Structures are given as structure tokens and as C-alpha cells.
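K.L.:
Contents of protein.txt (compact mmCIF, C-alpha atoms) are below:
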```
# COMPACT_ATOMS: atom_id res chain seq x y z
CA MET A 1 21.75 -7.53 -10.38
CA PHE A 2 23.30 -6.30 -7.13
CA PRO A 3 21.65 -4.19 -4.41
CA LYS A 4 23.07 -0.81 -3.33
CA PHE A 5 22.68 -1.89 0.28
CA LYS A 6 20.66 -4.25 2.47
CA LEU A 7 18.60 -3.91 5.62
CA GLY A 8 17.98 -6.71 8.11
CA GLY A 9 18.13 -10.36 7.17
CA ILE A 10 18.02 -13.75 8.86
CA THR A 11 21.20 -13.05 10.87
CA ASP A 12 20.01 -9.59 11.94
CA THR A 13 17.43 -8.82 14.65
CA ILE A 14 16.27 -5.43 13.34
CA PHE A 15 13.11 -6.89 11.72
CA LYS A 16 10.59 -9.56 12.72
CA LEU A 17 8.17 -9.31 9.78
CA PRO A 18 8.68 -6.30 7.48
CA ILE A 19 5.74 -5.80 5.11
CA ASN A 20 5.91 -2.27 3.70
CA VAL A 21 8.40 0.49 2.85
CA LYS A 22 7.97 4.26 2.46
CA THR A 23 10.30 7.25 2.11
CA ASP A 24 10.11 10.97 2.91
CA ALA A 25 11.36 14.07 1.06
CA GLU A 26 14.86 13.57 2.46
CA GLN A 27 14.84 9.95 1.21
CA ASN A 28 14.84 8.53 4.73
CA ILE A 29 13.50 4.97 4.68
CA TYR A 30 10.61 3.76 6.87
CA VAL A 31 9.74 0.08 7.27
CA LEU A 32 6.49 -1.22 8.78
CA ASP A 33 7.18 -4.34 10.85
CA MET A 34 3.80 -6.00 11.36
CA MET A 35 4.97 -8.55 13.95
CA ASP A 36 6.96 -6.02 15.98
CA LYS A 37 4.08 -3.51 15.82
CA SER A 38 6.48 -0.73 14.88
CA VAL A 39 7.87 1.50 12.15
CA ILE A 40 11.66 1.57 11.86
CA LYS A 41 13.37 4.63 10.36
CA PHE A 42 16.70 4.58 8.48
CA ASN A 43 18.58 7.28 6.60
CA LYS A 44 18.96 7.03 2.82
CA SER A 45 22.14 4.94 3.24
CA GLY A 46 20.48 2.42 5.54
CA LYS A 47 21.70 3.66 8.93
CA PHE A 48 19.22 3.06 11.76
CA LEU A 49 17.71 6.29 13.14
CA ASN A 50 14.62 5.54 15.23
CA ARG A 51 11.76 3.18 16.02
CA PHE A 52 8.12 4.23 16.45
CA GLY A 53 5.43 2.17 18.16
CA ARG A 54 5.18 -1.05 20.14
CA PHE A 55 2.61 -3.63 21.20
CA GLY A 56 -0.20 -2.40 23.46
CA ARG A 57 -3.37 -0.32 23.67
CA GLY A 58 -1.95 3.02 24.77
CA PRO A 59 -0.84 6.07 22.77
CA GLY A 60 1.66 5.03 20.13
CA GLU A 61 0.95 1.33 20.76
CA PHE A 62 -0.70 -1.19 18.44
CA LEU A 63 -2.48 -4.51 18.54
CA PHE A 64 -2.16 -5.02 14.78
CA ALA A 65 -0.16 -2.57 12.65
CA GLN A 66 -1.48 -3.31 9.18
CA GLY A 67 -1.36 -0.14 7.10
CA PHE A 68 0.94 2.87 7.22
CA ASP A 69 2.16 5.88 5.28
CA VAL A 70 4.81 8.59 5.53
CA PHE A 71 4.32 12.20 4.47
CA ASN A 72 7.04 14.25 2.79
CA ASP A 73 7.80 16.04 6.08
CA GLY A 74 8.46 12.75 7.92
CA LYS A 75 5.12 12.36 9.70
CA ILE A 76 4.12 8.70 10.09
CA VAL A 77 0.57 7.33 10.25
CA VAL A 78 -0.28 3.75 11.27
CA ALA A 79 -3.68 2.03 10.96
CA ASP A 80 -4.61 -0.41 13.75
CA PRO A 81 -7.90 -2.15 12.81
CA ASN A 82 -7.92 -4.30 15.96
CA ASN A 83 -7.82 -1.15 18.09
CA ASN A 84 -10.11 0.86 15.77
CA LYS A 85 -7.65 3.74 15.55
CA ILE A 86 -5.09 5.59 13.51
CA THR A 87 -1.94 7.01 15.10
CA VAL A 88 0.23 9.83 13.75
CA PHE A 89 3.82 10.33 14.89
CA SER A 90 4.83 13.97 14.34
CA GLY A 91 8.27 14.53 15.81
CA LYS A 92 7.86 13.91 19.55
CA LYS A 93 4.07 14.37 19.40
CA ILE A 94 1.59 11.52 19.03
CA TYR A 95 -1.93 12.08 17.67
CA GLU A 96 -4.60 9.39 17.83
CA TYR A 97 -8.03 9.20 16.26
CA LYS A 98 -10.55 6.54 17.26
CA CYS A 99 -12.53 5.18 14.32
CA ARG A 100 -16.00 3.64 14.50
CA LEU A 101 -15.03 0.98 11.96
CA GLY A 102 -11.62 -0.68 11.79
CA PRO A 103 -9.18 1.19 9.49
CA LEU A 104 -7.46 -1.40 7.29
CA LYS A 105 -5.26 0.89 5.19
CA VAL A 106 -4.25 4.55 5.44
CA SER A 107 -2.60 7.24 3.33
CA PHE A 108 -1.73 10.90 3.87
CA VAL A 109 -3.36 13.46 1.58
CA SER A 110 -1.88 16.47 3.39
CA SER A 111 0.28 17.01 6.46
CA ASN A 112 -2.81 17.08 8.72
CA GLU A 113 -5.17 14.79 6.77
CA VAL A 114 -5.26 11.08 6.07
CA VAL A 115 -7.56 8.85 4.05
CA ILE A 116 -8.51 5.46 5.46
CA PHE A 117 -9.93 2.37 3.81
CA GLN A 118 -12.18 0.95 6.52
CA MET A 119 -14.05 -2.25 7.24
CA LEU A 120 -17.41 -2.63 5.59
CA GLU A 121 -20.47 -2.29 7.79
CA PRO A 122 -23.60 -1.30 5.88
CA VAL A 123 -23.37 -0.58 2.17
CA PHE A 124 -24.53 2.95 2.98
CA THR A 125 -21.24 3.75 4.73
CA SER A 126 -18.36 4.80 2.48
CA MET A 127 -15.30 2.57 2.80
CA VAL A 128 -13.03 5.51 1.93
CA ARG A 129 -12.99 8.37 4.43
CA LYS A 130 -10.79 11.46 4.94
CA ILE A 131 -9.89 12.40 8.51
CA ASN A 132 -8.26 15.58 9.80
CA TYR A 133 -6.56 14.08 12.84
CA LYS A 134 -5.93 17.48 14.46
CA ASN A 135 -9.39 19.04 14.38
CA LYS A 136 -11.24 15.67 14.24
CA THR A 137 -13.28 16.43 11.12
CA ILE A 138 -14.42 13.71 8.70
CA VAL A 139 -15.27 13.74 4.99
CA ASP A 140 -16.69 10.62 3.35
CA TYR A 141 -15.46 10.00 -0.20
CA GLN A 142 -17.90 8.95 -2.89
CA ASN A 143 -19.21 5.52 -1.96
CA ILE A 144 -17.82 2.88 -4.31
CA LEU A 145 -20.64 0.54 -3.23
CA ASP A 146 -23.33 2.91 -4.47
CA GLN A 147 -24.64 1.70 -7.82
CA ASP A 148 -24.84 5.29 -9.05
CA SER A 149 -21.14 6.00 -8.43
CA PHE A 150 -19.98 4.57 -11.76
CA LYS A 151 -22.84 5.91 -13.91
CA ASP A 152 -23.90 3.15 -16.30
CA LYS A 153 -21.55 0.48 -14.89
CA VAL A 154 -22.54 -1.77 -11.99
CA TYR A 155 -19.69 -3.58 -10.23
CA GLY A 156 -21.42 -4.74 -7.04
CA ILE A 157 -19.77 -5.27 -3.66
CA LEU A 158 -17.31 -8.08 -4.50
CA PRO A 159 -14.52 -6.02 -6.15
CA PHE A 160 -14.27 -3.69 -3.15
CA LEU A 161 -14.12 -6.06 -0.17
CA PHE A 162 -10.40 -5.52 0.45
CA GLY A 163 -7.74 -3.28 -1.02
CA ASP A 164 -5.25 -0.46 -0.59
CA VAL A 165 -5.28 3.34 -0.72
CA SER A 166 -2.33 5.44 -1.91
CA ARG A 167 -1.70 9.14 -2.46
CA TYR A 168 -1.50 10.18 -6.10
CA ASN A 169 -0.58 13.56 -7.59
CA ASN A 170 -0.41 15.33 -4.19
CA ASP A 171 -3.95 15.10 -2.80
CA ASN A 172 -5.72 12.56 -5.01
CA ILE A 173 -6.24 8.97 -3.86
CA VAL A 174 -5.96 5.66 -5.68
CA TYR A 175 -7.91 2.66 -4.40
CA THR A 176 -6.78 -0.74 -5.68
CA SER A 177 -8.85 -3.88 -5.12
CA ARG A 178 -7.13 -7.11 -4.13
CA VAL A 179 -10.12 -9.23 -5.04
CA LEU A 180 -11.03 -8.56 -8.68
CA ASN A 181 -8.25 -6.09 -9.47
CA TYR A 182 -10.14 -2.83 -9.98
CA VAL A 183 -8.52 0.59 -9.72
CA VAL A 184 -10.52 3.65 -8.62
CA VAL A 185 -9.02 7.15 -8.72
CA PHE A 186 -10.57 9.81 -6.45
CA ASN A 187 -9.98 13.52 -7.01
CA ALA A 188 -9.09 15.99 -4.24
CA LYS A 189 -12.79 16.52 -3.43
CA GLY A 190 -13.38 12.82 -2.86
CA LYS A 191 -15.28 12.23 -6.10
CA ILE A 192 -14.54 9.30 -8.39
CA ASP A 193 -12.48 10.53 -11.33
CA LYS A 194 -12.08 7.20 -13.12
CA ALA A 195 -12.21 3.45 -12.64
CA PHE A 196 -10.55 0.74 -14.69
CA LYS A 197 -9.80 -2.97 -14.60
CA MET A 198 -6.40 -4.59 -14.47
CA ILE A 199 -5.47 -6.96 -17.26
CA ASP A 200 -5.63 -10.37 -15.56
CA ASP A 201 -8.83 -11.59 -17.21
CA ASN A 202 -6.96 -12.59 -20.37
CA LEU A 203 -4.28 -14.63 -18.60
CA ASP A 204 -4.55 -18.41 -18.70
CA ILE A 205 -4.35 -19.49 -15.06
CA SER A 206 -5.19 -23.16 -15.58
CA ASN A 207 -1.63 -24.23 -14.65
CA VAL A 208 -0.83 -21.37 -12.27
CA LEU A 209 -0.90 -21.72 -8.49
CA ILE A 210 -1.49 -18.27 -6.99
CA GLU A 211 -3.63 -16.59 -4.38
CA LYS A 212 -7.07 -16.35 -5.99
CA PHE A 213 -10.59 -15.20 -5.38
CA PRO A 214 -13.22 -16.82 -7.65
CA LYS A 215 -10.43 -17.80 -10.10
CA LYS A 216 -9.29 -14.19 -10.47
CA LEU A 217 -5.65 -13.23 -9.92
CA THR A 218 -4.77 -10.84 -7.12
CA TYR A 219 -1.66 -8.79 -6.43
CA LEU A 220 0.76 -8.82 -3.50
CA GLN A 221 1.92 -5.19 -3.34
CA ILE A 222 1.25 -1.90 -5.11
CA SER A 223 3.27 1.30 -5.41
CA VAL A 224 2.34 4.70 -6.83
CA TYR A 225 5.16 6.86 -8.15
CA GLY A 226 4.50 9.87 -10.34
CA ASP A 227 1.75 8.94 -12.80
CA GLU A 228 2.44 5.23 -12.60
CA LEU A 229 0.85 2.42 -10.62
CA TYR A 230 3.17 -0.55 -10.05
CA VAL A 231 1.41 -3.86 -9.33
CA PHE A 232 3.59 -6.70 -8.02
CA LYS A 233 2.50 -10.33 -8.48
CA LYS A 234 4.18 -13.66 -7.90
CA LEU A 235 3.27 -16.52 -10.24
CA ILE A 236 4.16 -20.13 -9.53
CA ARG A 237 4.10 -22.50 -12.50
CA ARG A 238 4.88 -25.97 -11.21
CA LYS A 239 8.48 -25.73 -9.96
CA THR A 240 9.34 -22.29 -11.31
CA LYS A 241 8.55 -18.86 -9.87
CA SER A 242 8.00 -15.72 -11.87
CA TYR A 243 7.96 -12.24 -10.35
CA ILE A 244 5.93 -9.82 -12.44
CA VAL A 245 5.30 -6.08 -12.06
CA ASP A 246 2.53 -4.60 -14.21
CA ILE A 247 2.68 -0.84 -14.78
CA PHE A 248 -0.39 1.34 -15.44
CA SER A 249 -0.82 5.00 -16.32
CA LEU A 250 -3.20 6.53 -13.76
CA SER A 251 -3.95 9.65 -15.81
CA LYS A 252 -4.99 7.51 -18.80
CA GLY A 253 -6.37 4.58 -16.82
CA LYS A 254 -4.50 2.14 -19.07
CA TYR A 255 -1.93 -0.62 -18.93
CA LYS A 256 1.58 0.43 -20.08
CA ASN A 257 3.98 -2.50 -19.76
CA SER A 258 5.32 -5.21 -17.46
CA ILE A 259 8.62 -6.05 -15.79
CA ASN A 260 9.83 -9.61 -15.27
CA ILE A 261 12.09 -9.57 -12.19
CA GLN A 262 14.92 -12.07 -12.60
CA GLY A 263 18.00 -13.00 -10.61
CA ILE A 264 16.51 -12.33 -7.14
CA GLU A 265 15.29 -15.23 -5.03
CA GLY A 266 12.83 -15.37 -2.14
CA ILE A 267 10.92 -12.20 -2.94
CA GLN A 268 8.01 -11.44 -0.64
CA SER A 269 7.07 -8.03 -2.08
CA ILE A 270 8.48 -5.21 -4.18
CA GLN A 271 7.90 -1.47 -4.00
CA PHE A 272 9.10 1.29 -6.32
CA ILE A 273 9.91 4.70 -4.80
CA ASN A 274 12.01 7.60 -6.12
CA ASN A 275 13.79 5.51 -8.78
CA GLU A 276 14.66 2.88 -6.19
CA MET A 277 13.31 -0.66 -5.95
CA PHE A 278 12.81 -2.03 -2.42
CA VAL A 279 12.66 -5.83 -2.33
CA ILE A 280 11.32 -7.38 0.88
CA LYS A 281 12.51 -10.98 1.03
CA GLU A 282 11.18 -14.04 2.80
CA ASP A 283 14.16 -14.08 5.21
CA THR A 284 13.17 -10.53 6.42
CA GLU A 285 15.99 -8.89 4.43
CA ILE A 286 15.24 -5.74 2.43
CA ASP A 287 17.43 -5.14 -0.63
CA VAL A 288 17.59 -1.67 -2.18
CA TYR A 289 18.29 -1.35 -5.92
CA ASP A 290 18.51 1.51 -8.36
CA TYR A 291 16.17 0.93 -11.28
CA LYS A 292 15.48 2.42 -14.67
CA ILE A 293 12.78 1.41 -17.10
CA THR A 294 13.57 1.90 -20.78
CA ASP A 295 11.13 1.59 -23.66
```
Represent the structure of the file as C-alpha cells.
P.N.:
Amino acid sequence: MFPKFKLGGITDTIFKLPINVKTDAEQNIYVLDMMDKSVIKFNKSGKFLNRFGRFGRGPGEFLFAQGFDVFNDGKIVVADPNNNKITVFSGKKIYEYKCRLGPLKVSFVSSNEVVIFQMLEPVFTSMVRKINYKNKTIVDYQNILDQDSFKDKVYGILPFLFGDVSRYNNDNIVYTSRVLNYVVVFNAKGKIDKAFKMIDDNLDISNVLIEKFPKKLTYLQISVYGDELYVFKKLIRRKTKSYIVDIFSLSKGKYKNSINIQGIEGIQSIQFINNEMFVIKEDTEIDVYDYKITD
């Protein structure tokens, strides 16, 4: 298995700690570098184009760049929980919105609107909130901590302590929990459309060393492409590593199949975008592969 091209690497200084990859409608590639506090833009062939952001407290500067997203038109949004703000780069313009609670993750839902997953304060405050960064309006999504949100099911607070938000089917949002592996799909009006559990409960983890929370497996990276949710996990069984990607149908709320990634060493995370697989490696290299899943 050979990559189409590579970005960065241990002998290159372009990255310090890349953690996430996104693309726009023109297939330009954007990489969030958490240590450099920046987003680096490349064209679809891997040629460097631009860098957005730096360390600091001013406009376009970050103390901790943790979450980011890219809209189809090339707008970039970065969540800085340590500075309680989100920042949008739109061409040469920079928009900033100060949040009351720290935004941990962020996703576009339209060119002028983003959804944040924010730190928990009281249980009466929704952790998922839509912000129009131009006119400064806010819409709280249905509170996943409210016991009435899931009708006859009661999940409690634990599954929703930390997770990710991603755009799905244009203006819907998918929340994925890193603690107990729940998936919640919100419709365009911010109401919960469905919730389902990932499949880890049936896996024997007695001889598996992996990041856990109360003996429950957690994932390392998620991607949403089309109707599918890709969930990347790294299992370590004694001296052998296994890289697994579970695939779920979001419209059906069901597990579909899994991919066992072989022949690639030192994988830190994997993301699937536009029929390409982006592999972020432990040596800061990003390998780009074409991929095709066959039944």
C-alpha cells in the first residue's frame, strides 16, 4: 500500500504536531497543527499555499487550537477553549466570537454559522450550540443532558463529558462521545433525530491495552463522509498493534462493517475524506492514499 503523496515528516519542519485534516470543495487540504497553533493549507497535490493563525491572544491568534473545520468555500474556523473563543478566517478577513464557556470542538453548518461543543457548566446549559459569527446570534441545540431528550431512555451525564461534532448531510450535526461511544444526530433545527451506541460492549478487552474510561473502549478520530461515520481505533495486544476503522450508517443508526488497516506503521490517526484516506503518523508525516471499500 503506497501513498499518492506525503506531507511533512521527521526531516521536514512544516509541522510540529498535526492532529486533524479537512478539505474544501476544490480539494485543497487543511491541517490543524496543535503545537504550532495554526492551520496550514495545501493544494490537492500537496503544495504549500498558506498558513493561518499563530500563538497569542489577539485576532487570529490562539492559546490552544484544539478543534477546527473547513467549509466548502474555504472558510476556516478554529476553537480555542483556553481563550474562550472561536475564530473564522474568511479570505483576508478574521471574525472572532467570544464564548462564555470554552469551545472544545467546532463544525460549520453553513457559511456563516458554526456549531460548537462546549465545556460543561450546569446541566441546564446545552453543550451543543449554534453561533452565527457575523450577526452574533446563538441557538442552543436540544440538551443531551436533559433526561427528557431521549424519551424513555436515560443515559446520564457520563457519555457526554467529551466528544466531537461534525457536519452531516449539509446542515445536520453528529455528536460522537469519546467516553462511552454514543452517537447523537441532530437535525437542522437542533433537535435530536436519533441516538445509538457503538459496538464496543461485546469486545473482550481483558488482554487489550487501550485508552479507556470505566473499562469502555474509546476512539481516536472520527470522520463523516456522505452517510457514513468512520471511527478510528488503535488496539494494542501485547506486542502487536491493530488499526481498526468501524463504519456506521448515520441514516439507519447502525453498524455496517470494519476495516483492518495493515502495512502502515506508526499511525496516530486516520481520516476519510472524498475517497481519500489521510494518515497522520507519529513522526508528524501525513500520508495521502486513495481508498475504495468493496462489499
K.L.:
Could you pull the residues within 8 Å of A:Lys197, counting only C-alpha atoms, minus those fewer than 4 positions along the same chain, as a PDB file with C-alpha atoms, in the coordinates of the input?
P.N.:
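Result file follows (selection_12.pdb):
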```
ATOM      1  CA  ASN A 181      -8.250  -6.090  -9.470  1.00  0.00           C
ATOM      2  CA  TYR A 182     -10.140  -2.830  -9.980  1.00  0.00           C
ATOM      3  CA  VAL A 183      -8.520   0.590  -9.720  1.00  0.00           C
TER       4      VAL A 183
END
```
K.L.:
Can you work out the spacing between atom CA of A:Lys151 and atom CA of A:Val184 in Å, to one decimal?
P.N.:
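Between these atoms lies a distance of 13.6 Å.
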K.L.:
Could you check how far atom CA of A:Gly253 sits from atom CA of A:Lys130, in Å to one decimal?
P.N.:
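Going from atom CA of A:Gly253 over to atom CA of A:Lys130, I get 23.2 Å.
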K.L.:
In Å, rounded to a single decimal, give me how far atom CA of A:Phe5 is from atom CA of A:Gly46.
P.N.:
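Separation between atom CA of A:Gly46 and atom CA of A:Phe5: 7.1 Å.
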K.L.:
Could you check the closest approach to A:Phe42 for each of A:Ala65, A:Ser166, A:Ile14, A:Arg129 and tell me which residue wins, using all atoms listed in the file?
P.N.:
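Closest to A:Phe42 of all the choices is A:Ile14.
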K.L.:
Restricting the calculation to all atoms listed in the file, which member of A:Phe108, A:Tyr141, A:Tyr291, A:Tyr97 is positioned closest to A:Lys22?
P.N.:
A:Phe108
K.L.:
Ranking A:Lys254, A:Lys85, A:Lys75, A:Lys6 by minimum distance to A:Phe48 and counting all atoms listed in the file, which one comes first?
P.N.:
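The shortest atom-to-atom distance to A:Phe48 comes from A:Lys6.
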K.L.:
Please provide as a list of chain:residue names all residues within 6 Å of A:Lys233, with the sequence filter that same-chain residues fewer than 3 positions apart are discarded (counting all atoms listed in the file).
P.N.:
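The neighbour list is A:Tyr219, A:Leu220, A:Ile244.
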K.L.:
For A:Val174, which residue out of A:Ser251, A:Ser149, A:Thr284, A:Gln66 is the nearest one, using all atoms listed in the file?
P.N.:
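Closest residue, counting all atoms listed in the file: A:Ser251.
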K.L.:
Would you mind telling me which residue in A:Glu61, A:Asp12, A:Glu265, A:Asp140 lies nearest to A:Val115 when using all atoms listed in the file?
P.N.:
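That would be A:Asp140, the residue with the smallest distance to A:Val115.
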K.L.:
Need the shell around A:Asn187: protein/DNA/RNA residues with any atom at most 7 Å away, counting only C-alpha atoms. Skip same-chain ones fewer than 5 positions apart. Format as a ChimeraX atom specification?
P.N.:
/A:172-173,192-193
K.L.:
As JSON, please: the centre and edge lengths in Å, to one decimal, of an axis-aligned box enclosing every listed atom of stretch 64-83 of chain A with 6 Å added on each side.
P.N.:
```
{"center_x": 0.3, "center_y": 5.5, "center_z": 10.4, "size_x": 28.4, "size_y": 33.1, "size_z": 27.3}
```
K.L.:
Which residue, A:Ala25, A:Gly9, A:Phe117, A:Phe162, has the smallest gap to A:Ile273 when you use only C-alpha atoms?
P.N.:
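Closest to A:Ile273, using only C-alpha atoms: A:Ala25.
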K.L.:
Can you find the residues with an atom no farther than 12 Å from (-2.3, -0.3, -20.1), counting all atoms listed in the file, and report them as a list in words?
P.N.:
Phe196, Lys197, Met198, Ile199, Asp200, Glu228, Leu229, Tyr230, Val231, Asp246, Ile247, Phe248, Ser249, Leu250, Ser251, Lys252, Gly253, Lys254, Tyr255, Lys256, Asn257 and Ser258 of chain A
